[in-house]
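Report on the following structure.
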Amino acid sequence: MLEEELVQLVHKVTLEKCEQQHIELKKASGGIPTRLYDTLSSFSNQIGGGIIIFGIDEDSDYKVVGVYDAQDLQKKIVEQSLQMEPVVRPLFTVATVEGKLVVSAEISECDIYDKPCFYKGAGRLRGSYIRVGDSDQPMTEYEIYSYEAFKRKIHDEIRTVERATLSNLKRDNITEYLLNLRRQKNNLSNLDDQRVLETQGIIQNELPTLAGLILFGEYPQEFFPQLSVTAMVVQGTEMGELGDSGERFIDNKRIEGTVSQMLESTLAFVRRNMKVMTIVTDEGTRADKPEYPMKAVREIVLNALIHRDYSVHTERSPIRLIMYEDRLELENPGGLYGRITIDDLGKAAADTRNPYLAGALEIMIDTENRFSGIPTVIAELKKFNMPAPVFIDRRGVFKVVFYKKKSSQDESSGLHQDILEYCRTPRTREELAKRFGFEAPSYFIKTYISPLIDDGQIKMTLPDKPKSKFQKYYS
């Protein structure tokens, strides 16, 4: 960054008096911090990297205390960076703030094929860190494994299930699948049934694979009790709110069976528990309009079943669907896979975690394995006049949220006025989302702040850089 940008960033940090997701503060007035490895690791593993600022003392009310020696500090940071795997290459900036020298070290995100970045002295399992809020947290064994699975192309869906036999598969369903498969893939027409099932990942070494069981098993949960869907309808807008009679759940169901059965049963659960409005058109015809577009709900449930993680690390975690008073949430074990990011969803082709499972479902239930699911969801919600879906990727869990359309009464309930009042002091995306109870800052900005900017009621501190991480909003 430029020297002027570092000065501006220091002023921002000392005013807000807090570290952030992409910013770590170090005192360094009496010498180099002895262990930077955790932060070097977490920023290297984080999307977008991060910045370490040396010369600010958190314990002294975020006072600028300066560094002991800017030249030696940079040298010692490089020495610690060389002990990382892969080696970290910081980009330094030195600036004078309040008459004292402050140094920043920008840490770039490393390539996904090099992740996780870790401290060689501790090893991959104990030396890998991830940024959580303003702290560096040790990576879980699963988080480390997820990088390895992508790099080594490990397909957990086709691991064999030792306790199962071919008799646990429904023969009639397999026969129908093979018939449809050979119609669509002529190259398989001359292979015998066993060879075809092996090429498609349904059996291996004369044993059913996990994919084979959850696609064709008589009762897959006999072997994997938690590979299911837990569906709940709860009171209010938060888990734990009680109804008039003290009930926690209006409806609560564990949904089991094959992938096809779980898909249909989950959709039936949503249909049963959402309200449907009957609309009479000008021509006198009647039409039912549900709270959520079922085509969009089907896409996210299907995506969860296909793209969840099926490794041993998550096989005890079910998919969770929760219907609140104001929204529907669906979360599945296993964060975004491979190179895709939240910002890329619906815009770029994603790496497929379970290609055999996805391929089989194309044949069985006419799914489209061509990355059209997210665009379909967005288009359906827009057609229903609903807010755009919210996607959240956090520490091995991927969540989709559908918010109901707000009524005109809700829109005039004072939220806009509260935002304007709160923004009398310039606020960051994170501050705004936290203040008004939204988990995804990008969704809150797009849905509530952008319209106020368009109306001229809210302004940006950096209007020429609308996506800057230093952006603030004020009324």
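Here's how to read the names in the structure tokens: chain A, B, ... by the order shown, residue numbers from 1 in each chain, ligand numbers from 1 in the order shown.
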Return as a Markdown table the residues of segment 336-407 of chain A lying at most 12 Å from segment 93-114 of chain A, together with the closest atom-to-atom pair for each and the distance in Å to one decimal, counting only C-alpha atoms, with rows in chain order and ascending residue number.
| residue | atom | partner | partner_atom | distance |
| --- | --- | --- | --- | --- |
| A:Tyr337 | CA | A:Ile112 | CA | 10.7 |
| A:Gly338 | CA | A:Ile112 | CA | 7.5 |
| A:Arg339 | CA | A:Ile112 | CA | 6.9 |
| A:Ile340 | CA | A:Ile112 | CA | 10.3 |
| A:Thr341 | CA | A:Ile112 | CA | 11.6 |
Kindly save the residues from that selection, with N, CA and C atoms included, as a tab-separated table (two decimals), in the first residue's frame.
chain	number	residue	atom	x	y	z
A	337	TYR	N	-16.08	-25.86	-1.97
A	337	TYR	CA	-15.03	-26.81	-2.35
A	337	TYR	C	-14.13	-26.22	-3.42
A	338	GLY	N	-12.83	-26.43	-3.26
A	338	GLY	CA	-11.89	-26.06	-4.30
A	338	GLY	C	-11.70	-24.56	-4.45
A	339	ARG	N	-11.70	-24.10	-5.70
A	339	ARG	CA	-11.33	-22.71	-5.99
A	339	ARG	C	-12.49	-21.73	-5.95
A	340	ILE	N	-13.71	-22.22	-5.83
A	340	ILE	CA	-14.88	-21.33	-5.88
A	340	ILE	C	-14.97	-20.50	-4.60
A	341	THR	N	-15.43	-19.26	-4.72
A	341	THR	CA	-15.66	-18.39	-3.57
A	341	THR	C	-17.12	-17.93	-3.59
task = Excluding segment 442-455 of chain A and any residue of its chain fewer than 4 positions from it, enumerate the residues within 9 Å of it, using only C-alpha atoms, and give them as an NGL selection string.
result = :A and (387-391 or 415-416 or 419-420 or 429-430 or 432-433 or 436 or 438 or 459-460 or 473)
inquiry  = For the strand (DSSP E) assignment from backbone DSSP, which residues of segment 146-377 of chain A qualify? Please present them as a VMD selection string.
reply    = chain A and resid 203 to 204 207 to 208 229 to 234 249 to 255 276 to 280 286 to 290 319 to 323 327 to 333
message = As an exercise, work out the distance from atom CA of Ile378 of chain A to atom CA of Glu439 of chain A in Å and give it to one decimal place.
response = 19.0 Å
query = What is the atom CA of Ala70 of chain A to atom CA of Glu4 of chain A distance in Å?
reply = 17.2 Å
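Using only C-alpha atoms, the contacts of Leu213 of chain A at a cut-off of 8 Å, with sequence neighbours closer than 6 positions omitted, comprise Asn168, Leu169, Ile202, Tyr219, Pro220 and Thr258 of chain A.
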So that I have them on file, write out the residues from the current selection with N, CA and C atoms, as a PDB file, in the first residue's frame.
ATOM      1  N   ASN A 168     -27.476 -55.233  -0.138  1.00  0.00           N
ATOM      2  CA  ASN A 168     -28.066 -54.059   0.480  1.00  0.00           C
ATOM      3  C   ASN A 168     -28.546 -53.035  -0.538  1.00  0.00           C
ATOM      4  N   LEU A 169     -28.266 -53.274  -1.827  1.00  0.00           N
ATOM      5  CA  LEU A 169     -28.704 -52.371  -2.883  1.00  0.00           C
ATOM      6  C   LEU A 169     -29.999 -52.884  -3.507  1.00  0.00           C
ATOM      7  N   ILE A 202     -20.403 -46.931  -8.280  1.00  0.00           N
ATOM      8  CA  ILE A 202     -21.476 -47.504  -7.458  1.00  0.00           C
ATOM      9  C   ILE A 202     -20.950 -48.662  -6.619  1.00  0.00           C
ATOM     10  N   TYR A 219     -31.732 -49.133   2.917  1.00  0.00           N
ATOM     11  CA  TYR A 219     -31.818 -48.230   4.058  1.00  0.00           C
ATOM     12  C   TYR A 219     -30.400 -47.726   4.358  1.00  0.00           C
ATOM     13  N   PRO A 220     -29.946 -46.662   3.679  1.00  0.00           N
ATOM     14  CA  PRO A 220     -28.565 -46.176   3.841  1.00  0.00           C
ATOM     15  C   PRO A 220     -28.207 -45.835   5.284  1.00  0.00           C
ATOM     16  N   THR A 258     -32.777 -42.773   0.629  1.00  0.00           N
ATOM     17  CA  THR A 258     -31.797 -42.474  -0.415  1.00  0.00           C
ATOM     18  C   THR A 258     -31.824 -40.979  -0.724  1.00  0.00           C
TER      19      THR A 258
END
task = Find the spatial neighbours of Leu125 of chain A, counting only C-alpha atoms, within a cut-off of 9 Å - ignore same-chain residues fewer than 4 positions away - and output them as a list in words.
result =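 Skipping anything fewer than 4 positions along the chain leaves Phe118, Pro138, Met139, Thr140, Glu141 and Ile144 of chain A.
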Restricted to N, CA and C atoms, what would the selected residues look like written as a tab-separated table (two decimals), in the first residue's frame?
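Generated file (selection27.tsv):
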chain	number	residue	atom	x	y	z
A	118	PHE	N	1.62	-23.22	6.75
A	118	PHE	CA	1.81	-23.57	8.16
A	118	PHE	C	3.26	-23.30	8.58
A	138	PRO	N	-6.41	-22.30	15.54
A	138	PRO	CA	-5.84	-23.50	14.90
A	138	PRO	C	-6.85	-24.12	13.95
A	139	MET	N	-6.38	-24.54	12.79
A	139	MET	CA	-7.26	-25.24	11.85
A	139	MET	C	-7.65	-26.59	12.44
A	140	THR	N	-8.87	-26.98	12.19
A	140	THR	CA	-9.29	-28.31	12.59
A	140	THR	C	-8.69	-29.34	11.64
A	141	GLU	N	-8.69	-30.59	12.07
A	141	GLU	CA	-8.18	-31.66	11.21
A	141	GLU	C	-8.98	-31.72	9.91
A	144	ILE	N	-7.92	-28.93	7.40
A	144	ILE	CA	-6.67	-29.29	6.72
A	144	ILE	C	-6.94	-30.38	5.69
Hey, could you make a per-residue contact list for segment 387-463 of chain A against segment 287-308 of chain A with 9 Å as the cut-off, showing the nearest pair of atoms and its distance in Å to one decimal, counting only C-alpha atoms, sorted by chain and number, as CSV?
residue,atom,partner,partner_atom,distance
A:Val397,CA,A:Arg308,CA,8.9
A:Phe398,CA,A:Arg308,CA,8.5
A:Val400,CA,A:Ile300,CA,7.5
A:Phe402,CA,A:Tyr292,CA,8.0
A:Tyr403,CA,A:Tyr292,CA,9.0
A:Lys404,CA,A:Glu291,CA,7.0
A:Lys405,CA,A:Glu291,CA,8.5
Can you write out the residues you just picked, keeping C-alpha atoms, as an mmCIF file, in the first residue's frame?
data_model
loop_
_atom_site.group_PDB
_atom_site.id
_atom_site.type_symbol
_atom_site.label_atom_id
_atom_site.label_comp_id
_atom_site.auth_asym_id
_atom_site.auth_seq_id
_atom_site.Cartn_x
_atom_site.Cartn_y
_atom_site.Cartn_z
ATOM 1 C CA VAL A 397 -20.327 -25.362 6.853
ATOM 2 C CA PHE A 398 -22.129 -23.847 3.858
ATOM 3 C CA VAL A 400 -28.138 -20.659 2.212
ATOM 4 C CA PHE A 402 -34.020 -17.220 1.882
ATOM 5 C CA TYR A 403 -35.602 -14.146 3.477
ATOM 6 C CA LYS A 404 -39.307 -13.600 3.033
ATOM 7 C CA LYS A 405 -40.436 -10.526 1.167
#
All helix (DSSP H, G or I) residues (DSSP, backbone) inside segment 179-365 of chain A, as a ChimeraX atom specification = /A:179-184,186-188,193-199,210-216,220-222,259-273,294-307,342-344,355-365
task = Mind checking which residues fall within 12 Å of Tyr145 of chain A, counting only C-alpha atoms, ignoring those fewer than 4 positions away in the same chain, and posting them as a ChimeraX atom specification?
result = /A:115-116,124-125,128,139-141,149-154,156,309,311-314,334,337,396
What does the file look like for those residues with N, CA and C atoms, as an mmCIF file, in the first residue's frame?
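result_34.cif written:
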data_model
loop_
_atom_site.group_PDB
_atom_site.id
_atom_site.type_symbol
_atom_site.label_atom_id
_atom_site.label_comp_id
_atom_site.auth_asym_id
_atom_site.auth_seq_id
_atom_site.Cartn_x
_atom_site.Cartn_y
_atom_site.Cartn_z
ATOM 1 N N LYS A 115 -2.132 -24.429 -0.026
ATOM 2 C CA LYS A 115 -2.765 -24.377 1.298
ATOM 3 C C LYS A 115 -2.846 -25.769 1.912
ATOM 4 N N PRO A 116 -2.819 -25.859 3.242
ATOM 5 C CA PRO A 116 -2.692 -24.744 4.175
ATOM 6 C C PRO A 116 -1.252 -24.303 4.357
ATOM 7 N N ARG A 124 2.281 -29.537 9.833
ATOM 8 C CA ARG A 124 1.030 -29.168 9.186
ATOM 9 C C ARG A 124 -0.177 -29.208 10.133
ATOM 10 N N LEU A 125 -0.269 -30.239 10.981
ATOM 11 C CA LEU A 125 -1.457 -30.390 11.818
ATOM 12 C C LEU A 125 -1.520 -29.363 12.948
ATOM 13 N N SER A 128 -1.004 -24.984 11.331
ATOM 14 C CA SER A 128 -1.910 -24.348 10.370
ATOM 15 C C SER A 128 -2.984 -23.564 11.118
ATOM 16 N N MET A 139 -6.382 -24.540 12.788
ATOM 17 C CA MET A 139 -7.260 -25.244 11.852
ATOM 18 C C MET A 139 -7.649 -26.593 12.436
ATOM 19 N N THR A 140 -8.874 -26.983 12.186
ATOM 20 C CA THR A 140 -9.293 -28.314 12.594
ATOM 21 C C THR A 140 -8.685 -29.341 11.639
ATOM 22 N N GLU A 141 -8.691 -30.587 12.066
ATOM 23 C CA GLU A 141 -8.184 -31.657 11.210
ATOM 24 C C GLU A 141 -8.977 -31.722 9.906
ATOM 25 N N ALA A 149 -7.869 -33.105 0.231
ATOM 26 C CA ALA A 149 -8.815 -33.831 -0.614
ATOM 27 C C ALA A 149 -8.928 -33.185 -1.980
ATOM 28 N N PHE A 150 -8.925 -31.850 -2.014
ATOM 29 C CA PHE A 150 -9.009 -31.156 -3.302
ATOM 30 C C PHE A 150 -7.735 -31.350 -4.121
ATOM 31 N N LYS A 151 -6.592 -31.157 -3.471
ATOM 32 C CA LYS A 151 -5.315 -31.271 -4.197
ATOM 33 C C LYS A 151 -5.073 -32.679 -4.718
ATOM 34 N N ARG A 152 -5.423 -33.680 -3.924
ATOM 35 C CA ARG A 152 -5.153 -35.076 -4.295
ATOM 36 C C ARG A 152 -6.344 -35.743 -4.986
ATOM 37 N N LYS A 153 -7.410 -34.927 -5.216
ATOM 38 C CA LYS A 153 -8.612 -35.436 -5.900
ATOM 39 C C LYS A 153 -9.167 -36.701 -5.218
ATOM 40 N N ILE A 154 -9.315 -36.596 -3.902
ATOM 41 C CA ILE A 154 -9.902 -37.690 -3.129
ATOM 42 C C ILE A 154 -11.426 -37.608 -3.234
ATOM 43 N N ASP A 156 -14.453 -39.013 -1.588
ATOM 44 C CA ASP A 156 -14.956 -39.792 -0.447
ATOM 45 C C ASP A 156 -16.258 -40.507 -0.769
ATOM 46 N N ASP A 309 -20.119 -32.656 2.147
ATOM 47 C CA ASP A 309 -18.928 -33.475 2.328
ATOM 48 C C ASP A 309 -19.333 -34.846 2.860
ATOM 49 N N SER A 311 -16.966 -37.225 3.725
ATOM 50 C CA SER A 311 -15.784 -37.847 4.318
ATOM 51 C C SER A 311 -16.096 -38.348 5.728
ATOM 52 N N VAL A 312 -15.156 -39.085 6.303
ATOM 53 C CA VAL A 312 -15.335 -39.593 7.675
ATOM 54 C C VAL A 312 -15.405 -38.455 8.678
ATOM 55 N N HIS A 313 -14.889 -37.278 8.299
ATOM 56 C CA HIS A 313 -14.890 -36.141 9.219
ATOM 57 C C HIS A 313 -16.285 -35.566 9.416
ATOM 58 N N THR A 314 -17.179 -35.764 8.463
ATOM 59 C CA THR A 314 -18.506 -35.130 8.548
ATOM 60 C C THR A 314 -19.654 -36.122 8.473
ATOM 61 N N GLY A 334 -19.486 -29.263 5.172
ATOM 62 C CA GLY A 334 -18.539 -29.078 4.083
ATOM 63 C C GLY A 334 -18.718 -27.710 3.478
ATOM 64 N N TYR A 337 -16.084 -25.862 -1.974
ATOM 65 C CA TYR A 337 -15.032 -26.813 -2.345
ATOM 66 C C TYR A 337 -14.134 -26.218 -3.424
ATOM 67 N N GLY A 396 -16.151 -24.983 7.411
ATOM 68 C CA GLY A 396 -16.642 -26.313 7.120
ATOM 69 C C GLY A 396 -18.144 -26.449 7.036
#
Near-Gly217 of chain A list (10 Å; only C-alpha atoms; drop same-chain fewer than 4 positions) as a list in words =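 What passes the distance filter is Ala164, Leu166, Ser167, Asn168, Leu169, Lys170, Arg171, Asn173, Ile174, Pro208, Leu210, Ala211, Gly212, Leu213, Gln221, Glu222, Phe223, Gly257, Thr258 and Val259 of chain A.
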message = Using Å and a single decimal, report how far atom CA of Ile374 of chain A sits from atom CA of Gln471 of chain A.
response = 28.2 Å
Selected residue of minimal separation from Thr428 of chain A among A:Glu16, A:Gln8, A:Pro318, A:Phe54, counting only C-alpha atoms = A:Glu16
